[in-house]
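The structure appears right after this line, and notes come after that.
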Amino acid sequence: MYIMSMIRLINMTKRFGKTVAVKNADLEIEKGELVVFLGPSGCGKTTTLRCIAGLENPEEGEIYIDNEMVNDLPTLDRDVGFVFQHYALFPHMSAYQNISFPLRAMKHKKSDIEREVMKVAELLRIDKILQFKPSHLSGGDLQSVALARALVIKPKVFLLDEPLSTLDAEFREEARTMIKKIHLEIGATTIYVTHDQMEAMAIADRIVTMNLGEIQQIDAPEYVYHNPVNMFVANFLGSPGMNFIDCSLEENNTLKLGLDGKILQINEKIVKKIKAVGEDKAVLMMGIRPEDIKLSFKKDVYGFDMKVTIVEEIGPENIVNLRSGDHVVKVLTDPDILPKTGETVWAVPDQDKIRIFDQQTKKEIL
Amino acid sequence: MSTVSSMGGTTKRKKAHRGITDKQLKYLFLMPCIALLVFLILYPLIWSAYLSFTDYRAVQGRFRLFPGLVKEKPGIKVIKPNTVGFKNYKDVLRNEYIWKHYRTTGKFVIFSVLIQSIIGLGLALLFNREFKGKGIITTLILAPMMLSPVVVGMFWRYMLEPNWGVIDYALNTFFGLPRIEWLAHEKTALFGIIIADTWMWSPFMFLFCLAGVSAIPKYLYEAAEVNKASGWFRFSHITFPLMWPLMMIAMIFRTMDAFKLFDIGWGMTQGGPGFSSQTVSMLLYRDAFLSSKTGVSCAFAYILLILIVALSNIYIKYLLKARAR
Amino acid sequence: MDRKIRRKRKKGIKVAGKVIIFIVIAIVFVAYVFPIFWMGVTSLKTKVQIFDPVPKIFFKPTINNYKTFIGTAEGGEVGAGRAGAATSFIAAMGRSILMTTSVTLLSLLLGTMAAYVLSRYNMPGKDDLLFAILSTRMLPPIVVLVPISLLFTNIGLKDTYIGFLLLYTMFNMAFSVWIMKSFFDDVPFSFEEAAMCDGYTRFRAFLKVVLPMVKPGLAATAIFCGILVWNEFLFAIVIGTRKWVFMPPTIFTMSYGAEGIIWGVLASSSLIYIIPVLVFVYLVRKNLLRGITFGVIRG
């Protein structure tokens with residue numbers, strides 16, 4: 001069997017003692033792709049990455065890199081570049097010595113080493129700081145040196161474990177852009193691990209969302225955002241996350257909401273779809289993203305009434321917190337819409353953006 | 001630091017009517033320590049500096065700094081030694097016999113520290129992994145250095161016996177080597193002491209090296225692995241450079257201690273045969289207490305002191321630098 | 001293809017490597033423990049068995065050596081040594097225990113006090129004082145021993161309890177101050193601040209709040225100081241000439257018989273003598289590194 005993918009995981013499981021860190025992971029990554037592993041801490045994304053690098057050995061399943069089964073191959077024989085979360089630069093070596101380290105370990109010629117190091121240093125714009133030791137470098141520079149050390153061997157696969165998490169917020173965006181730029185320039189297959197959904201959305205060709213050791217969804221960022229397969233993915237992507245409201249299907253194309261039994265008029269299209277999958281009797285959950293709700297100051301049957309509690313003005317938009325009983329619904333509005341606290345407004349969801357989930361299985365049915 | 005002083009201020013106010021003030025506590029707590037330092041280190045050193053310029057011999061009688069201050073018991077002779085200038089120092093520095101002892105000491109220091117460092121490093125690398133019973137085995141290996149050196153010396157003297165000693169028996173039976181009279185020959189006596197010293201003190205090097213090796217974070221080894229380094233390259237570029245500062249401290253420690261060698265050697269050979277295994281400490285002990293050459297010994301001790309102060313300066317500087325990290 | 005071969009070989013090497021490492025660790029362990037074991041074996045041998053050119057591990061043991069040095073055996077050979085009660089092993093043991101305990105307590109008291117001040121207060125010359133204290137440990141003891149011995153003779157402290165107590169406390173000072181300081185440094189100052197806000201005096205805050213927090217440090221310091229005194233030999237032979245003769249010189253002189261060293265007596269008395277040390281080493285095993293580095297390196 002010949003597979004045209006750069007990395008392929010088949011049914012891979014990794015345990016630490018009794019806890020299962022990664023469960024039956026199946027994954028295929030094309031050559032030159034930039035894939036982001038996204039999920040909360042402890043979801044198994046870093047472990048999966050370390051398995052690919054060979055720093056951990058999975059108990060079950062197979063790992064292929066460039067069509068070669070690498071399960072038994074020690075890390076050093078796998079053609080991977082790895083950037084650690086805390087850089088793992090060698091503290092007793094200068095930036096130059098750090099970057100040249102893998103080349104020296106492979107016994108390259110001195111002149112070749114110098115050429116390669118300078119090339120990658122110029123690419124990352126760190127050619128001026130090569131003589132300094134890590135303790136004298138700023139966070140951003142450390143980051144670049146770590147990238148350079150991983151890139152200098154021109155790996156087939158480039159693995160980054162939360163590379164931006166230790167950077168200050170102001171450098172983070174810049175570094176993110178740089179990583180994307182480098183990826184475009186060298187075209188190496190890249191896996192990037194993060195818990196930051198914004199970072200993932202901004203950088204990824206495809207996002208692999210993980211939770212509790214299991215892969216939830218693998219898709220392009222926009223697609224995952226608009227078509228989450230389950231409530232976890234829906235909630236994890238986007239800030240603020242998707243609003244969820246208990247509901248059940250009623251007569252006359254309406255939903256009875258878990259907000260004191262309020263009734264929401266919906267399109268027949270939605271009702272048909274729910275019926276088509278036979279979920280019309282099930283306990284449902286309506287999901288709607290904050291930016292897909294419009295506020296109306298007069299009664300609207302396509303909306304539901306709630307009280308305004310807090311309005312957070314965050315610049316380009318406002319986050320309006322609405323309350324009804326114990327339920328809070330967040331709405332993103334234009335900055336000029338400023339409802340008063342205590343005012344009653346009608347939240348009107350965009351009918352095309354309404355998602356319906358099965359409350360039991362947490363899976364999307366629409 | 002400002003918090004300390006300001007706290008001191010408030011307590012002082014509070015304590016105006018009860019107990020001791022902060023300042024009093026400070027001096028009360030430090031006083032005994034300083035008093036002992038002055039009484040047992042500073043004063044003797046000053047006095048022996050003076051004695052080193054005299055021809056005083058303790059067997060001749062007592063020498064009072066302030067004669068008449070105490071009433072002498074009958075039968076105790078009080079004398080006033082002659083000042084001889086730098087004669088004692090000249091004698092000590094010109095004496096080929098003493099220089100031989102320096103060479104013996106130097107030989108001992110170099111060989112024992114070197115051998116112990118290599119063994120300590122090897123053991124540390126060997127023990128830098130998890131295995132069952134590691135804790136208890138490590139503790140038992142570390143035990144020798146806590147034992148009394150003179151007892152260790154004497155017992156090794158027994159083990160190194162050519163006729164019934166277990167070491168020579170093992171070397172002879174298992175490896176077919178001839179039985180060596182370790183401590184009876186001028187050429188091997190010092191080496192015999194080095195063997196015992198190594199048994200006793202290589203665990204010390206081991207402890208430091210192990211601390212150095214295990215302080216290297218695991219992620220650096222992982223980084224080495226993903227960056228193609230293994231085996232010797234990993235050792236020479238990661239492990240060794242990172243543990244070296246700690247190993248260096250241990251080596252300086254050992255050098256200072258080896259320089260002072262007395263107990264083990266005294267227990268094993270008492271300097272013999274001849275004076276082939278006699279270090280400067282042993283010679284000084286003989287001169288000062290067995291031959292009562294007090295004035296000369298003081299000069300000898302001072303020369304040794306200057307040497308040690310120079311050595312320990314390097315050492316303490318390094319130690320404080322390591323502590324700052 | 002060649003990669004696959006290497007992989008297989010690697011697995012084989014891994015197993016073989018583990019076995020080799022296990023064997024090497026076993027050899028190392030035996031090398032370090034054997035002399036102590038052999039001491040035990042020798043102590044149970046008769047004179048004839050000891051002088052056997054083929055040393056045996058299995059033999060008919062005897063406790064005669066123990067009887068000899070304790071001085072109860074009829075016609076037992078006792079080393080020439082020094083005259084009088086001073087050669088008695090039991091008496092020497094008693095003196096060693098007494099001195100070790102006294103010095104340990106005094107060192108602990110003075111060391112803790114000085115260490116607390118040196119850890120908490122800032123004062124001119126603090127670093128110099130710390131340096132001076134540490135340097136007493138760097139001096140070869142023989143260098144200061146010459147004048148100290150003369151001093152002790154002159155003021156009547158030679159061969160006395162007080163003389164030894166002061167001398168040993170001084171030479172433990174470097175150790176007790178530095179290691180206790182390192183433990184105090186680990187206790188944040190905010191604990192005293194809190195106590196003093198609650199109306200404690202500085203002294204009570206030290207006694208009731210800080211001191212209980214450094215209990216492990218006190219234990220480690222006590223044991224290390226104790227071992228230092230217990231093992232000391234050079235001061236013991238120079239200052240303790242008649243009355244205050246401790247264990248190491250006693251073992252040293254007692255083992256010398258008319259025809260050379262009585263190895264059985266040496267082994268048995270040495271074993272009795274080192275057993276407490278082994279027990280204490282086990283107790284402080286966690287603080288071993290800190291102990292031997294004066295707390296400069298946290299272990």
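The way I read the labels, and the way they are meant: chains A, B, ... in the order of the structure tokens, residue 1 as the first residue of every chain, and ligand 1 as the first ligand shown, with later ones counted on from there.
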
Which residues of chain C sit at most 6 Å from chain B, using only C-alpha atoms? Give each one's shortest atom pair and distance in Å (one decimal place), in chain and ascending residue order, as CSV.
residue,atom,partner,partner_atom,distance
C:Tyr32,CA,B:Ile141,CA,5.6
C:Phe51,CA,B:Trp164,CA,5.5
C:Asp52,CA,B:Trp164,CA,6.0
C:Pro53,CA,B:Trp164,CA,4.5
C:Met113,CA,B:Phe29,CA,4.9
C:Ala114,CA,B:Leu30,CA,4.8
C:Val117,CA,B:Lys26,CA,5.9
C:Pro140,CA,B:Lys260,CA,5.3
C:Val143,CA,B:Ala301,CA,4.9
C:Pro147,CA,B:Pro44,CA,5.1
C:Ile148,CA,B:Pro44,CA,5.7
C:Asn231,CA,B:Ser148,CA,4.4

Save the residues we just selected, C-alpha atoms, as a short mmCIF file (atom, residue, chain, number, x, y, z; two decimals), in the first residue's frame?
data_model
loop_
_atom_site.label_atom_id
_atom_site.label_comp_id
_atom_site.auth_asym_id
_atom_site.auth_seq_id
_atom_site.Cartn_x
_atom_site.Cartn_y
_atom_site.Cartn_z
CA TYR C 32 32.32 -0.33 48.49
CA PHE C 51 46.61 -15.36 59.68
CA ASP C 52 45.32 -18.01 57.29
CA PRO C 53 46.92 -17.25 53.88
CA MET C 113 22.09 31.56 66.81
CA ALA C 114 24.85 32.89 64.61
CA VAL C 117 21.54 36.49 62.54
CA PRO C 140 44.81 22.23 57.88
CA VAL C 143 48.59 24.52 61.41
CA PRO C 147 49.74 27.33 68.96
CA ILE C 148 46.44 26.02 70.36
CA ASN C 231 35.72 10.56 64.09
#

Notebook entry, point to check: Any idea what's packed within 8 Å of Ala200 (chain A), counting only C-alpha atoms, ignoring anything in its chain fewer than 2 positions away? Could you give it as a PyMOL selection string?
Noted result: chain A and resi 36-38+194+196-198+202-204+207+221

Next item on the list: With a distance cut-off of 10 Å and only C-alpha atoms, select the neighbouring residues of Leu105 (chain C), excluding the residue or stretch itself and same-chain residues fewer than 6 positions from it, and output the selection as a VMD selection string.
Entry: chain C and resid 99 111 169 222 225 to 226

Could you please take those selected residues and save C-alpha atoms as a compact mmCIF listing (two decimals), in the first residue's frame?
# COMPACT_ATOMS: atom_id res chain seq x y z
CA MET C 99 32.04 14.66 74.17
CA GLY C 111 25.64 27.72 65.23
CA THR C 169 32.78 23.45 68.93
CA ALA C 222 23.42 17.62 64.73
CA CYS C 225 28.56 17.66 63.79
CA GLY C 226 28.32 14.51 65.84

Any chance you could tabulate, as CSV, the residues of chain B at most 6 Å from chain A with each one's nearest atom pair and distance in Å to one decimal, using only C-alpha atoms, in chain and rising number order?
residue,atom,partner,partner_atom,distance
B:Leu220,CA,A:Ala88,CA,5.6
B:Glu225,CA,A:Leu76,CA,5.6
B:Val226,CA,A:Leu76,CA,5.6
B:Asn227,CA,A:Pro102,CA,4.6
B:Lys228,CA,A:Leu76,CA,4.8
B:Ala229,CA,A:Ala105,CA,5.2

Tell me which protein, DNA and RNA residues are within 12 Å of Lys100 (chain B), counting only C-alpha atoms, leaving out same-chain ones fewer than 6 positions away, and put them as a compact mmCIF listing (two decimals) with N, CA and C atoms, in the first residue's frame.
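Result file follows (part_11.txt):
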# COMPACT_ATOMS: atom_id res chain seq x y z
N VAL B 92 63.34 26.29 56.90
CA VAL B 92 62.27 25.46 56.35
C VAL B 92 62.30 25.47 54.83
N LEU B 93 62.48 26.66 54.26
CA LEU B 93 62.43 26.76 52.80
C LEU B 93 63.65 26.13 52.14
N ARG B 94 64.78 26.12 52.86
CA ARG B 94 66.00 25.57 52.27
C ARG B 94 66.11 24.07 52.47
N GLY B 106 52.16 16.44 47.12
CA GLY B 106 51.68 16.79 45.78
C GLY B 106 51.31 15.56 44.98
N LYS B 107 52.18 14.57 45.04
CA LYS B 107 51.92 13.32 44.32
C LYS B 107 50.62 12.71 44.81
N PHE B 275 60.51 7.79 55.14
CA PHE B 275 59.45 8.80 55.17
C PHE B 275 58.81 8.88 53.79
N SER B 276 58.76 7.70 53.12
CA SER B 276 58.33 7.67 51.73
C SER B 276 56.85 8.04 51.57
N SER B 277 56.04 7.81 52.60
CA SER B 277 54.62 8.13 52.44
C SER B 277 54.21 9.21 53.44
N GLN B 278 55.20 10.00 53.89
CA GLN B 278 54.89 11.02 54.88
C GLN B 278 54.53 12.34 54.20
N THR B 279 53.33 12.84 54.51
CA THR B 279 52.92 14.11 53.94
C THR B 279 53.35 15.24 54.87
N VAL B 280 53.17 16.48 54.41
CA VAL B 280 53.61 17.62 55.22
C VAL B 280 52.89 17.66 56.57
N LEU B 283 54.61 15.28 58.85
CA LEU B 283 55.92 15.80 59.23
C LEU B 283 55.77 16.90 60.27

Within 9 Å of Glu343 (chain A), counting only C-alpha atoms, which residues qualify if same-chain residues fewer than 4 places away don't, as a PDB file with N, CA and C atoms, in the first residue's frame?
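The new file out-v9.pdb reads:
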ATOM      1  N   PHE A 297     -34.747  45.981  19.786  1.00  0.00           N
ATOM      2  CA  PHE A 297     -35.278  46.659  20.961  1.00  0.00           C
ATOM      3  C   PHE A 297     -36.799  46.593  21.016  1.00  0.00           C
ATOM      4  N   MET A 306     -34.506  38.953  26.701  1.00  0.00           N
ATOM      5  CA  MET A 306     -33.628  38.763  27.854  1.00  0.00           C
ATOM      6  C   MET A 306     -33.278  40.133  28.404  1.00  0.00           C
ATOM      7  N   LYS A 307     -32.750  40.140  29.655  1.00  0.00           N
ATOM      8  CA  LYS A 307     -32.370  41.405  30.278  1.00  0.00           C
ATOM      9  C   LYS A 307     -30.871  41.645  30.103  1.00  0.00           C
ATOM     10  N   VAL A 308     -30.510  42.886  29.830  1.00  0.00           N
ATOM     11  CA  VAL A 308     -29.090  43.224  29.694  1.00  0.00           C
ATOM     12  C   VAL A 308     -28.465  43.316  31.079  1.00  0.00           C
ATOM     13  N   THR A 309     -27.348  42.627  31.300  1.00  0.00           N
ATOM     14  CA  THR A 309     -26.670  42.758  32.594  1.00  0.00           C
ATOM     15  C   THR A 309     -25.399  43.606  32.485  1.00  0.00           C
ATOM     16  N   PRO A 339     -26.899  48.998  24.621  1.00  0.00           N
ATOM     17  CA  PRO A 339     -28.110  48.905  25.439  1.00  0.00           C
ATOM     18  C   PRO A 339     -27.807  49.219  26.895  1.00  0.00           C
TER      19      PRO A 339
END

Check: Running DSSP on the backbone, which parts of region 53-300 of chain B land in helix (DSSP H, G or I), as a PyMOL selection string?
Finding: chain B and resi 58-60+87-94+96-127+134-146+149-159+166-175+182-184+189-214+218-226+231-259+263-268+280-290+294-300

Notebook entry, point to check: Looking only at the backbone, which of the residues in region 230-260 of chain A does DSSP tag as strand (DSSP E or B), as a list in words?
Noted result: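 Selection result, strand (DSSP E or B) within region 230-260 of chain A: Asn230, Asn243, Phe244, Ile245, Asp246, Cys247, Ser248, Leu249, Glu250, Thr254, Leu255, Lys256 and Leu257 of chain A.
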
Checklist line | Long-range neighbours of region 215-217 of chain C as a list in words, 9 Å cut-off, only C-alpha atoms, 2 positions minimum in chain | finding: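 Once the nearby chain positions are removed, what remains is Ile179, Met180, Ser182, Phe183, Phe184, Leu211, Pro212, Met213, Ala219, Ala220, Thr221, Ala222 and Asn287 of chain C.
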
How about saving the chosen residues, N, CA and C atoms kept, as a short mmCIF file (atom, residue, chain, number, x, y, z; two decimals), in the first residue's frame?
data_model
loop_
_atom_site.label_atom_id
_atom_site.label_comp_id
_atom_site.auth_asym_id
_atom_site.auth_seq_id
_atom_site.Cartn_x
_atom_site.Cartn_y
_atom_site.Cartn_z
N ILE C 179 25.52 25.50 57.33
CA ILE C 179 24.39 24.65 56.95
C ILE C 179 23.09 25.18 57.55
N MET C 180 23.14 25.68 58.79
CA MET C 180 21.93 26.24 59.37
C MET C 180 21.50 27.50 58.61
N SER C 182 21.86 28.03 55.53
CA SER C 182 21.19 27.63 54.28
C SER C 182 19.75 27.21 54.54
N PHE C 183 19.50 26.62 55.71
CA PHE C 183 18.12 26.24 56.03
C PHE C 183 17.29 27.48 56.37
N PHE C 184 17.90 28.42 57.13
CA PHE C 184 17.17 29.65 57.44
C PHE C 184 16.84 30.44 56.18
N LEU C 211 12.24 28.44 64.22
CA LEU C 211 12.97 27.25 64.65
C LEU C 211 12.23 25.94 64.32
N PRO C 212 10.93 25.86 64.60
CA PRO C 212 10.24 24.61 64.23
C PRO C 212 10.29 24.31 62.74
N MET C 213 10.44 25.37 61.92
CA MET C 213 10.44 25.14 60.47
C MET C 213 11.77 24.59 59.97
N ALA C 219 18.34 18.60 62.72
CA ALA C 219 18.66 17.18 62.81
C ALA C 219 19.90 16.87 61.97
N ALA C 220 19.92 17.38 60.73
CA ALA C 220 21.06 17.11 59.85
C ALA C 220 22.34 17.70 60.44
N THR C 221 22.25 18.94 60.92
CA THR C 221 23.43 19.58 61.50
C THR C 221 23.94 18.78 62.69
N ALA C 222 23.02 18.37 63.55
CA ALA C 222 23.42 17.62 64.73
C ALA C 222 24.17 16.36 64.34
N ASN C 287 19.91 14.53 53.29
CA ASN C 287 20.61 15.80 53.37
C ASN C 287 22.11 15.66 53.21
#
